[in-house]
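Participant: Pasting entry07.cif here (mmCIF, C-alpha atoms):
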data_structure
loop_
_atom_site.label_atom_id
_atom_site.label_comp_id
_atom_site.auth_asym_id
_atom_site.auth_seq_id
_atom_site.Cartn_x
_atom_site.Cartn_y
_atom_site.Cartn_z
CA MET G 6 0.00 0.00 0.00
CA SER G 7 1.66 3.19 -1.17
CA ALA G 8 1.21 6.56 0.52
CA THR G 9 0.67 9.75 -1.46
CA THR G 10 3.70 12.00 -1.23
CA THR G 11 4.25 15.60 -2.21
CA THR G 12 7.43 17.06 -3.52
CA PRO G 13 9.07 20.13 -1.96
CA GLN G 14 8.24 22.05 -5.16
CA GLN G 15 4.56 21.22 -4.78
CA GLU G 16 4.63 22.27 -1.15
CA LEU G 17 6.34 25.54 -2.14
CA GLY G 18 3.70 26.12 -4.82
CA VAL G 19 0.93 25.63 -2.31
CA GLY G 20 2.59 28.10 0.01
CA ARG G 21 2.83 30.71 -2.74
CA THR G 22 -0.83 30.26 -3.63
CA THR G 23 -1.90 30.66 -0.03
CA GLY G 24 0.27 33.76 0.38
CA THR G 25 -1.15 35.25 -2.81
CA ARG G 26 -4.69 34.65 -1.62
CA ARG G 27 -3.93 36.30 1.69
CA THR G 28 -2.44 39.30 -0.12
CA LEU G 29 -5.51 39.64 -2.34
CA GLU G 30 -7.81 39.40 0.67
CA LYS G 31 -5.92 42.16 2.48
CA GLY G 32 -6.01 44.43 -0.56
CA PRO G 33 -3.26 46.57 -2.08
CA SER G 34 -0.31 47.63 0.01
CA GLY G 35 -0.54 50.90 1.89
CA TRP G 36 2.79 51.91 0.39
CA LEU G 37 0.97 52.66 -2.87
CA ALA G 38 -0.58 55.68 -1.17
CA VAL G 39 2.78 57.18 -0.19
CA PRO G 40 3.29 59.26 -3.38
CA ALA G 41 -0.21 60.72 -3.12
CA LEU G 42 0.24 61.45 0.58
CA ALA G 43 3.61 63.10 -0.08
CA PHE G 44 2.06 65.24 -2.82
CA PHE G 45 -0.81 66.19 -0.50
CA MET G 46 1.57 67.09 2.33
CA LEU G 47 3.77 69.21 0.06
CA PHE G 48 1.05 71.16 -1.74
CA ALA G 49 -1.80 71.21 0.80
CA ILE G 50 -0.75 70.65 4.40
CA LEU G 51 2.48 72.65 4.37
CA PRO G 52 0.89 75.74 2.72
CA LEU G 53 -1.96 75.58 5.24
CA LEU G 54 0.53 75.49 8.09
CA GLY G 55 2.31 78.46 6.53
CA VAL G 56 -0.96 80.41 6.35
CA LEU G 57 -1.69 79.54 9.98
CA PHE G 58 1.75 80.82 10.98
CA LEU G 59 1.32 84.06 9.02
CA SER G 60 -2.00 84.71 10.78
CA PHE G 61 0.00 85.37 13.97
CA THR G 62 2.35 87.83 12.30
CA ARG G 63 2.40 91.34 10.94
CA TRP G 64 3.58 91.45 7.31
CA ASP G 65 2.96 93.78 4.39
CA GLY G 66 3.96 91.19 1.78
CA LEU G 67 7.41 92.64 1.08
CA GLY G 68 9.22 93.54 4.27
CA GLU G 69 10.22 91.58 7.32
CA ILE G 70 7.76 89.15 8.89
CA LYS G 71 7.22 90.03 12.56
CA LEU G 72 5.43 87.89 15.12
CA ASP G 73 2.48 89.87 16.47
CA GLY G 74 0.47 87.39 18.53
CA LEU G 75 -3.29 87.64 18.15
CA SER G 76 -3.22 91.17 16.75
CA SER G 77 -4.27 90.11 13.25
CA TRP G 78 -7.03 87.89 14.62
CA ASN G 79 -8.36 90.70 16.82
CA THR G 80 -8.34 93.05 13.84
CA VAL G 81 -10.20 90.60 11.62
CA LEU G 82 -12.79 89.55 14.20
CA ALA G 83 -13.50 93.15 15.25
CA ASP G 84 -13.86 94.39 11.65
CA PRO G 85 -17.55 94.75 10.67
CA VAL G 86 -16.57 94.14 7.04
CA THR G 87 -15.60 90.59 8.03
CA GLY G 88 -19.04 89.98 9.49
CA ASN G 89 -20.64 91.40 6.37
CA ALA G 90 -18.41 89.18 4.19
CA LEU G 91 -19.52 86.10 6.15
CA LEU G 92 -23.16 87.14 5.72
CA VAL G 93 -22.75 87.72 1.97
CA THR G 94 -20.99 84.36 1.65
CA ALA G 95 -23.84 82.62 3.49
CA LYS G 96 -26.44 84.31 1.27
CA ILE G 97 -24.68 83.36 -1.95
CA MET G 98 -24.19 79.81 -0.64
CA PHE G 99 -27.86 79.46 0.29
CA PHE G 100 -29.43 81.03 -2.79
CA SER G 101 -27.05 79.39 -5.26
CA PHE G 102 -27.80 76.00 -3.67
CA ILE G 103 -31.59 76.30 -3.76
CA VAL G 104 -31.38 77.46 -7.40
CA GLN G 105 -28.81 74.97 -8.66
CA ALA G 106 -29.90 71.81 -6.82
CA PRO G 107 -33.43 71.32 -8.22
CA ILE G 108 -32.53 72.53 -11.73
CA SER G 109 -29.48 70.26 -11.90
CA LEU G 110 -31.46 67.28 -10.62
CA LEU G 111 -34.28 67.71 -13.12
CA LEU G 112 -31.96 68.35 -16.06
CA GLY G 113 -29.82 65.37 -15.08
CA VAL G 114 -32.85 63.07 -15.02
CA PHE G 115 -34.10 64.53 -18.31
CA THR G 116 -30.80 64.19 -20.19
CA ALA G 117 -30.15 60.67 -18.87
CA ALA G 118 -32.74 59.22 -21.25
CA SER G 119 -31.60 57.65 -24.51
CA GLN G 120 -33.60 59.81 -26.97
CA LYS G 121 -31.42 61.61 -29.51
CA TYR G 122 -33.03 65.02 -29.01
CA ARG G 123 -32.19 64.85 -25.30
CA ALA G 124 -28.58 64.07 -26.15
CA ALA G 125 -28.52 67.13 -28.43
CA LEU G 126 -29.93 69.32 -25.66
CA ALA G 127 -27.39 67.91 -23.22
CA VAL G 128 -24.59 69.16 -25.48
CA LEU G 129 -26.08 72.67 -25.40
CA TYR G 130 -26.51 72.54 -21.63
CA PHE G 131 -22.83 71.72 -21.18
CA VAL G 132 -21.49 74.65 -23.22
CA PRO G 133 -20.90 76.87 -20.12
CA LEU G 134 -18.48 74.21 -18.82
CA LEU G 135 -16.13 75.12 -21.66
CA LEU G 136 -15.85 78.75 -20.53
CA SER G 137 -13.71 80.16 -17.76
CA SER G 138 -15.29 82.10 -14.88
CA ALA G 139 -13.53 85.29 -15.96
CA ALA G 140 -14.89 84.97 -19.51
CA VAL G 141 -18.41 84.35 -18.19
CA ALA G 142 -18.17 87.39 -15.91
CA ILE G 143 -16.93 89.64 -18.73
CA ALA G 144 -19.73 88.46 -21.03
CA PHE G 145 -22.50 89.05 -18.49
CA LYS G 146 -21.02 92.38 -17.46
CA ALA G 147 -21.29 93.52 -21.08
CA LEU G 148 -24.79 92.06 -21.55
CA LEU G 149 -26.11 93.74 -18.39
CA ASP G 150 -24.61 97.16 -19.12
CA PRO G 151 -27.50 99.67 -18.78
CA ASN G 152 -26.20 101.80 -21.66
CA PHE G 153 -24.79 99.42 -24.23
CA GLY G 154 -25.99 95.99 -23.08
CA LEU G 155 -28.74 93.62 -24.04
CA GLY G 156 -31.58 95.85 -22.80
CA PRO G 157 -30.80 98.95 -24.90
CA GLY G 158 -29.83 96.78 -27.86
CA LEU G 159 -33.20 95.01 -27.91
CA GLY G 160 -35.17 98.08 -26.84
CA LEU G 161 -36.37 96.42 -23.61
CA PRO G 162 -36.56 98.94 -20.75
CA PHE G 163 -36.83 96.16 -18.18
CA LEU G 164 -33.37 94.86 -19.08
CA ALA G 165 -31.89 98.35 -19.33
CA GLN G 166 -31.71 98.96 -15.57
CA ASP G 167 -28.45 98.99 -13.64
CA TRP G 168 -28.36 95.35 -12.55
CA LEU G 169 -24.82 95.39 -11.18
CA GLY G 170 -25.04 98.84 -9.60
CA ASN G 171 -28.23 98.26 -7.60
CA SER G 172 -27.45 96.80 -4.16
CA ASP G 173 -30.93 95.27 -3.98
CA LEU G 174 -30.53 93.35 -7.24
CA VAL G 175 -26.84 92.60 -7.60
CA LEU G 176 -26.78 89.60 -5.24
CA PHE G 177 -29.50 87.83 -7.22
CA VAL G 178 -27.73 88.65 -10.49
CA VAL G 179 -24.56 87.05 -9.12
CA VAL G 180 -26.52 83.95 -8.08
CA PHE G 181 -28.04 83.76 -11.57
CA VAL G 182 -24.64 83.95 -13.26
CA ILE G 183 -23.21 81.33 -10.89
CA ALA G 184 -26.13 79.00 -11.63
CA TRP G 185 -25.79 79.56 -15.38
CA GLN G 186 -22.17 78.48 -15.27
CA PHE G 187 -22.25 75.59 -12.78
CA VAL G 188 -25.66 73.95 -13.29
CA PRO G 189 -24.27 72.00 -16.30
CA PHE G 190 -21.54 70.49 -14.13
CA HIS G 191 -23.99 69.19 -11.54
CA THR G 192 -26.36 68.12 -14.31
CA LEU G 193 -23.56 65.90 -15.60
CA ILE G 194 -23.15 64.37 -12.12
CA TYR G 195 -26.85 63.59 -11.85
CA GLN G 196 -26.98 62.28 -15.39
CA GLY G 197 -24.28 59.75 -14.56
CA GLY G 198 -26.07 58.79 -11.33
CA VAL G 199 -29.40 58.21 -13.07
CA ARG G 200 -27.80 56.02 -15.72
CA GLN G 201 -26.46 53.74 -12.97
CA ILE G 202 -29.97 52.93 -11.72
CA PRO G 203 -31.05 49.46 -13.02
CA ALA G 204 -33.85 49.61 -15.55
CA SER G 205 -35.45 46.60 -13.84
CA LEU G 206 -36.57 48.86 -10.98
CA TYR G 207 -38.57 51.05 -13.37
CA GLU G 208 -39.94 48.03 -15.21
CA ALA G 209 -41.20 46.55 -11.95
CA ALA G 210 -42.75 49.88 -11.00
CA GLN G 211 -44.56 50.09 -14.35
CA ILE G 212 -45.95 46.60 -13.85
CA ASP G 213 -47.28 47.74 -10.46
CA GLY G 214 -48.96 50.69 -12.17
CA ALA G 215 -46.68 53.46 -10.91
CA GLY G 216 -46.61 56.62 -13.02
CA ARG G 217 -43.57 58.73 -13.86
CA VAL G 218 -44.02 61.04 -10.88
CA GLN G 219 -44.27 58.08 -8.50
CA GLN G 220 -41.21 56.49 -10.11
CA PHE G 221 -39.28 59.73 -9.67
CA PHE G 222 -40.04 60.07 -5.96
CA ASN G 223 -39.96 56.37 -5.05
CA ILE G 224 -37.08 55.12 -7.22
CA THR G 225 -34.99 57.90 -8.72
CA LEU G 226 -34.60 60.13 -5.65
CA PRO G 227 -33.77 57.31 -3.18
CA GLN G 228 -31.24 55.82 -5.60
CA LEU G 229 -29.58 59.24 -6.03
CA LYS G 230 -29.00 59.72 -2.30
CA TYR G 231 -25.20 59.61 -2.43
CA THR G 232 -25.10 61.48 -5.72
CA MET G 233 -27.08 64.28 -4.06
CA ILE G 234 -24.65 64.40 -1.16
CA THR G 235 -21.67 64.60 -3.52
CA SER G 236 -23.27 67.32 -5.65
CA SER G 237 -24.43 69.28 -2.59
CA THR G 238 -20.95 69.15 -1.09
CA LEU G 239 -19.45 70.53 -4.29
CA MET G 240 -22.11 73.24 -4.46
CA VAL G 241 -21.83 74.40 -0.86
CA VAL G 242 -18.06 74.16 -0.43
CA GLY G 243 -17.54 75.44 -3.97
CA SER G 244 -19.46 78.60 -3.08
CA LEU G 245 -16.48 79.53 -0.90
CA ALA G 246 -14.35 79.77 -4.04
CA TYR G 247 -16.39 82.13 -6.23
CA PHE G 248 -13.61 84.68 -6.18
CA ASP G 249 -12.70 85.13 -9.84
CA LEU G 250 -16.26 85.40 -11.15
CA ILE G 251 -17.38 87.98 -8.58
CA PHE G 252 -14.10 89.90 -8.73
CA VAL G 253 -14.47 90.46 -12.48
CA LEU G 254 -18.25 90.92 -12.42
CA THR G 255 -18.72 93.34 -9.51
CA ALA G 256 -15.35 93.67 -7.69
CA GLY G 257 -17.35 93.23 -4.48
CA GLY G 258 -19.62 96.21 -5.08
CA PRO G 259 -21.68 98.23 -5.03
CA GLY G 260 -20.27 99.02 -1.61
CA TYR G 261 -19.89 95.70 0.18
CA SER G 262 -22.97 94.06 -1.37
CA THR G 263 -21.06 91.20 -3.02
CA ARG G 264 -17.80 91.26 -1.04
CA LEU G 265 -17.78 87.64 0.06
CA LEU G 266 -15.09 86.11 2.26
CA PRO G 267 -12.52 85.02 -0.39
CA LEU G 268 -12.73 88.42 -2.08
CA HIS G 269 -12.39 90.16 1.29
CA MET G 270 -9.30 88.04 1.97
CA TYR G 271 -7.76 89.04 -1.37
CA LEU G 272 -8.47 92.75 -0.94
CA THR G 273 -7.13 92.68 2.62
CA GLY G 274 -3.90 91.02 1.59
CA PHE G 275 -3.11 92.59 -1.79
CA LYS G 276 -4.88 95.94 -1.61
CA ALA G 277 -4.50 96.82 2.07
CA ASN G 278 -1.10 95.02 2.23
CA ASP G 279 -2.01 93.21 5.44
CA MET G 280 -0.97 89.60 4.91
CA GLY G 281 -1.42 88.72 8.57
CA ALA G 282 -5.10 89.61 8.57
CA ALA G 283 -5.56 88.03 5.14
CA SER G 284 -4.02 84.80 6.45
CA ALA G 285 -6.41 84.84 9.40
CA LEU G 286 -9.30 85.17 6.94
CA GLY G 287 -7.84 82.27 4.96
CA VAL G 288 -7.80 80.08 8.07
CA ILE G 289 -11.44 80.96 8.75
CA LEU G 290 -12.29 80.08 5.16
CA VAL G 291 -10.60 76.68 5.42
CA VAL G 292 -12.28 75.86 8.74
CA ILE G 293 -15.72 76.75 7.37
CA GLY G 294 -15.12 74.68 4.23
CA LEU G 295 -13.94 71.63 6.18
CA ALA G 296 -16.83 71.88 8.65
CA LEU G 297 -19.41 72.08 5.86
CA ALA G 298 -17.82 69.20 3.93
CA LEU G 299 -17.72 66.94 7.00
CA PHE G 300 -21.31 67.80 7.91
CA LEU G 301 -22.62 67.03 4.44
CA GLN G 302 -20.63 63.79 4.24
CA ARG G 303 -22.05 62.61 7.56
CA LEU G 304 -25.53 62.98 6.10
CA GLY G 305 -24.67 59.97 3.96
CA GLY G 306 -24.30 57.80 7.04
CA LYS G 307 -21.38 55.75 8.28
CA ASN G 308 -21.69 53.31 5.38
CA ARG G 309 -22.11 55.85 2.61
CA ASN G 310 -19.91 53.83 0.24
CA ALA G 311 -22.28 50.86 0.31
CA SER G 312 -24.48 50.06 -2.65
CA GLN G 313 -27.65 52.10 -2.96
CA LEU G 314 -29.43 48.99 -4.24
CA GLU G 315 -29.50 47.25 -0.85
CA GLY G 316 -33.04 46.26 0.01
CA ALA G 317 -34.31 47.14 -3.47
#
Translate this structure into structure tokens?
Facilitator:
Amino acid sequence: MSATTTTPQQELGVGRTTGTRRTLEKGPSGWLAVPALAFFMLFAILPLLGVLFLSFTRWDGLGEIKLDGLSSWNTVLADPVTGNALLVTAKIMFFSFIVQAPISLLLGVFTAASQKYRAALAVLYFVPLLLSSAAVAIAFKALLDPNFGLGPGLGLPFLAQDWLGNSDLVLFVVVFVIAWQFVPFHTLIYQGGVRQIPASLYEAAQIDGAGRVQQFFNITLPQLKYTMITSSTLMVVGSLAYFDLIFVLTAGGPGYSTRLLPLHMYLTGFKANDMGAASALGVILVVIGLALALFLQRLGGKNRNASQLEGA
């Protein structure tokens, strides 16, 4: 009676297979993230630490940097223009979100269908994505000119008013221009999200007699939960970076009507030559952005990366 034997080579092969399986189960090595982490440290963390350091100094941007304690922070926090800038930022954030979110969602659902005419419209909707913020601001500034703009050119008195010089109207004009430029981007996000929803869900709903409105609220919206969170995060946090568009369009005016926080930071640092106070404003801007991003991400739950199809 002969016993089954294994060679050392076979045993070594088995060992390699087991080790490979264990490696695959553990996932890729953490060392693969080192280049990305190094890049992030060099171009994100270190500059932020430098800004934090400058917020405790007195510097005009050219001369010697002098430590000045909390002087810059006291100046910034006691300045009523800072409070107004925070208020303007909050208004633009709120109004741009309530305008962009529903329009982007509806356009994304509309353009996600396979009809050719919807694909043609989607191309037109995405044209603003090809333009820079400065170019958009210059174009709208010319169109809204009360003397030589669209209103006088078409002979429409309603459009001939001073849209950018009226403090009661300018904020809403800015929100409109922001929405015109960035709605296509969020439409693209929603379009991709809708196309990931299995058609079988809609087929089952049709068999049950559900109409399009019921399908939208009972299937489309729940399945777009994480897409909404991603889009909302980009909208809200992105509203803290509307510097170039507003700087070209209104330069923060009339008065302080559109002087939001990033623009206030720029004017403080490069116009008033107070880099210490501008750095303090930059730190405030970063803290607000991080807090908003973390809050919105927590709305997705602890397991926000799980499939949206669970329980469907």
Participant: At most 8 Å is the cut-off: for each residue in stretch 129-177 of chain G with any atom that close to an atom of stretch 256-280 of chain G, write down the nearest atom pair and the distance in Å rounded to one decimal, counting only C-alpha atoms, chain first then increasing number, as CSV.
Facilitator:
residue,atom,partner,partner_atom,distance
G:Leu169,CA,G:Pro259,CA,7.5
G:Gly170,CA,G:Pro259,CA,5.7
G:Asn171,CA,G:Pro259,CA,7.0
G:Ser172,CA,G:Ser262,CA,5.9
G:Val175,CA,G:Ser262,CA,7.5
G:Leu176,CA,G:Thr263,CA,6.3
Participant: Of the candidates G:Ala296, G:Gly281, G:Gln186, G:Leu286, which one gets nearest to G:Val86 if we count all atoms listed in the file?
Facilitator: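 Among the listed residues, the smallest separation from G:Val86 belongs to G:Leu286.
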Participant: Find the residue from G:Ser77, G:Ser205, G:Thr192, G:Ser284 that sits nearest to G:Leu110; use all atoms listed in the file when measuring.
Facilitator: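 The shortest atom-to-atom distance to G:Leu110 comes from G:Thr192.
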Participant: If I take atom CA of G:Val114 and atom CA of G:Leu206, how far is one from the other in Å, to one decimal?
Facilitator: 15.2 Å
Participant: For stretch 129-136 of chain G, list every protein, DNA or RNA residue within 10 Å, evaluated using all atoms listed in the file, and leave out those in the same chain fewer than 6 positions away; present the list as a compact mmCIF listing (two decimals) with C-alpha atoms, keeping the file's coordinate frame.
Facilitator:
# COMPACT_ATOMS: atom_id res chain seq x y z
CA LEU G 112 -31.96 68.35 -16.06
CA THR G 116 -30.80 64.19 -20.19
CA ARG G 123 -32.19 64.85 -25.30
CA TRP G 185 -25.79 79.56 -15.38
CA GLN G 186 -22.17 78.48 -15.27
CA PHE G 187 -22.25 75.59 -12.78
CA VAL G 188 -25.66 73.95 -13.29
CA PRO G 189 -24.27 72.00 -16.30
CA PHE G 190 -21.54 70.49 -14.13
CA THR G 192 -26.36 68.12 -14.31
CA LEU G 193 -23.56 65.90 -15.60
Participant: May I ask which of the residues G:Glu208, G:Arg303, G:Tyr195, G:Asp249 is the closest one to G:Ser109, counting all atoms listed in the file?
Facilitator: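 Smallest distance to G:Ser109 is found for G:Tyr195.
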Participant: Which residue, G:Ala125, G:Ala117, G:Leu297, G:Ala38, has the smallest gap to G:Ile234 when you use only C-alpha atoms?
Facilitator: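 For G:Ile234, the nearest of the candidates is G:Leu297.
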